[in-house]
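Coordinates as given in query04.pdb (PDB, C-alpha atoms, pLDDT in the B column):
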ATOM      1  CA  MET A   1     142.996 117.153  42.581  1.00 92.00           C
ATOM      2  CA  GLU A   2     140.373 117.957  45.225  1.00 95.00           C
ATOM      3  CA  ALA A   3     139.448 121.527  46.199  1.00 94.00           C
ATOM      4  CA  ASP A   4     140.855 121.176  49.721  1.00 93.00           C
ATOM      5  CA  GLU A   5     144.211 119.998  48.358  1.00 96.00           C
ATOM      6  CA  LEU A   6     144.288 122.867  45.886  1.00 96.00           C
ATOM      7  CA  LEU A   7     143.457 125.344  48.642  1.00 95.00           C
ATOM      8  CA  VAL A   8     146.519 124.218  50.595  1.00 95.00           C
ATOM      9  CA  LEU A   9     148.675 124.885  47.526  1.00 97.00           C
ATOM     10  CA  VAL A  10     146.973 128.237  46.914  1.00 97.00           C
ATOM     11  CA  ALA A  11     147.738 129.198  50.515  1.00 96.00           C
ATOM     12  CA  GLY A  12     151.395 128.674  49.613  1.00 96.00           C
ATOM     13  CA  GLY A  13     151.078 131.040  46.651  1.00 95.00           C
ATOM     14  CA  ASP A  14     150.765 128.400  43.897  1.00 97.00           C
ATOM     15  CA  GLN A  15     149.235 130.266  40.965  1.00 97.00           C
ATOM     16  CA  LYS A  16     148.648 127.109  38.885  1.00 98.00           C
ATOM     17  CA  ALA A  17     146.703 125.575  41.793  1.00 98.00           C
ATOM     18  CA  PHE A  18     144.602 128.739  41.967  1.00 97.00           C
ATOM     19  CA  GLU A  19     143.819 128.482  38.265  1.00 97.00           C
ATOM     20  CA  GLU A  20     142.678 124.889  38.762  1.00 98.00           C
ATOM     21  CA  LEU A  21     140.671 125.778  41.871  1.00 97.00           C
ATOM     22  CA  TYR A  22     139.109 128.726  40.044  1.00 97.00           C
ATOM     23  CA  GLY A  23     137.979 126.414  37.257  1.00 97.00           C
ATOM     24  CA  LEU A  24     136.561 123.990  39.774  1.00 97.00           C
ATOM     25  CA  VAL A  25     134.542 126.447  41.874  1.00 97.00           C
ATOM     26  CA  CYS A  26     133.789 129.356  39.549  1.00 97.00           C
ATOM     27  CA  GLY A  27     130.549 127.878  38.197  1.00 98.00           C
ATOM     28  CA  PRO A  28     129.055 126.913  41.553  1.00 98.00           C
ATOM     29  CA  VAL A  29     130.069 130.239  43.137  1.00 98.00           C
ATOM     30  CA  TYR A  30     128.563 132.180  40.223  1.00 98.00           C
ATOM     31  CA  GLY A  31     125.357 130.119  40.461  1.00 98.00           C
ATOM     32  CA  LEU A  32     124.985 130.898  44.145  1.00 98.00           C
ATOM     33  CA  VAL A  33     125.744 134.594  43.683  1.00 98.00           C
ATOM     34  CA  ARG A  34     123.353 134.771  40.720  1.00 97.00           C
ATOM     35  CA  ARG A  35     120.479 133.484  42.860  1.00 97.00           C
ATOM     36  CA  VAL A  36     121.128 136.206  45.440  1.00 97.00           C
ATOM     37  CA  VAL A  37     122.110 139.175  43.265  1.00 97.00           C
ATOM     38  CA  ARG A  38     119.956 138.402  40.180  1.00 95.00           C
ATOM     39  CA  ASP A  39     121.761 140.800  37.792  1.00 97.00           C
ATOM     40  CA  PRO A  40     124.163 138.779  35.571  1.00 97.00           C
ATOM     41  CA  ALA A  41     126.832 141.495  35.215  1.00 97.00           C
ATOM     42  CA  GLN A  42     126.850 142.282  38.907  1.00 98.00           C
ATOM     43  CA  SER A  43     126.904 138.558  39.691  1.00 98.00           C
ATOM     44  CA  GLU A  44     130.055 138.151  37.584  1.00 97.00           C
ATOM     45  CA  GLU A  45     131.683 141.032  39.435  1.00 98.00           C
ATOM     46  CA  VAL A  46     130.794 139.633  42.858  1.00 98.00           C
ATOM     47  CA  THR A  47     132.037 136.181  41.826  1.00 98.00           C
ATOM     48  CA  GLN A  48     135.388 137.644  40.760  1.00 97.00           C
ATOM     49  CA  GLU A  49     135.675 139.513  44.052  1.00 98.00           C
ATOM     50  CA  VAL A  50     134.893 136.363  46.040  1.00 97.00           C
ATOM     51  CA  LEU A  51     137.525 134.358  44.174  1.00 97.00           C
ATOM     52  CA  LEU A  52     140.064 137.169  44.454  1.00 97.00           C
ATOM     53  CA  GLU A  53     139.495 137.200  48.214  1.00 96.00           C
ATOM     54  CA  LEU A  54     140.032 133.442  48.188  1.00 95.00           C
ATOM     55  CA  TRP A  55     143.448 134.028  46.573  1.00 95.00           C
ATOM     56  CA  ARG A  56     144.362 136.745  49.068  1.00 95.00           C
ATOM     57  CA  SER A  57     143.295 134.928  52.207  1.00 95.00           C
ATOM     58  CA  ALA A  58     143.691 131.220  51.395  1.00 93.00           C
ATOM     59  CA  ALA A  59     146.249 130.837  54.204  1.00 91.00           C
ATOM     60  CA  ARG A  60     143.544 131.669  56.765  1.00 91.00           C
ATOM     61  CA  PHE A  61     141.215 128.825  55.715  1.00 81.00           C
ATOM     62  CA  ASP A  62     141.149 125.642  57.751  1.00 71.00           C
TER      63      ASP A  62
END
Output the file's structure as structure tokens, nothing else.
Amino acid sequence: MEADELLVLVAGGDQKAFEELYGLVCGPVYGLVRRVVRDPAQSEEVTQEVLLELWRSAARFD
């Protein structure tokens, strides 16, 4: 399933869809954060916060 389709399901509270979306975007998000933050531990923390915010506010994405 594509990320945009998963996001629609996540917006509806589908936890399984979030798990799949997390697996799909976690690596690229971490890579981007790592280039900005540099510190690996802090990068992991920021990545988790970004993905948690995605879960909380998925209904607001268009």
Quiz item: What is the CA of Glu44 in chain A-CA of Gly23 in chain A distance in Å, reported with one decimal?
Solution: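 Separating CA of Glu44 in chain A from CA of Gly23 in chain A is a distance of 14.2 Å.
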Quiz item: For this file, the PyMOL selection byres ((chain A and resi 50-58) around 8) selects which residues, as a list in words?
Solution: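 Taken on the displayed file, the PyMOL selection byres ((chain A and resi 50-58) around 8) yields the residues Leu7, Val8, Val10, Ala11, Phe18, Tyr22, Cys26, Val46, Thr47, Gln48, Glu49, Ala59, Arg60 and Phe61 of chain A.
The gap separating CA of Gln15 in chain A from CA of Ala3 in chain A is 14.1 Å, in Å to one decimal.
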Exercise. For each of A:Asp14, A:Val33, A:Pro28, A:Glu2, take the minimum atom-to-atom distance to Glu45 in chain A, counting all atoms listed in the file, then give the residue where this is smallest.
Key: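 The shortest atom-to-atom distance to Glu45 in chain A comes from A:Val33.
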Quiz prompt | d(CA of Arg38 in chain A, CA of Asp4 in chain A) in Å | solution = 28.7 Å
All file atoms of range 38-42 of chain A boxed axis-aligned, 5 Å per side, centre plus edges, as AutoDock Vina command-line options:
--center_x 123.4 --center_y 140.3 --center_z 37.7 --size_x 16.9 --size_y 13.9 --size_z 15.0
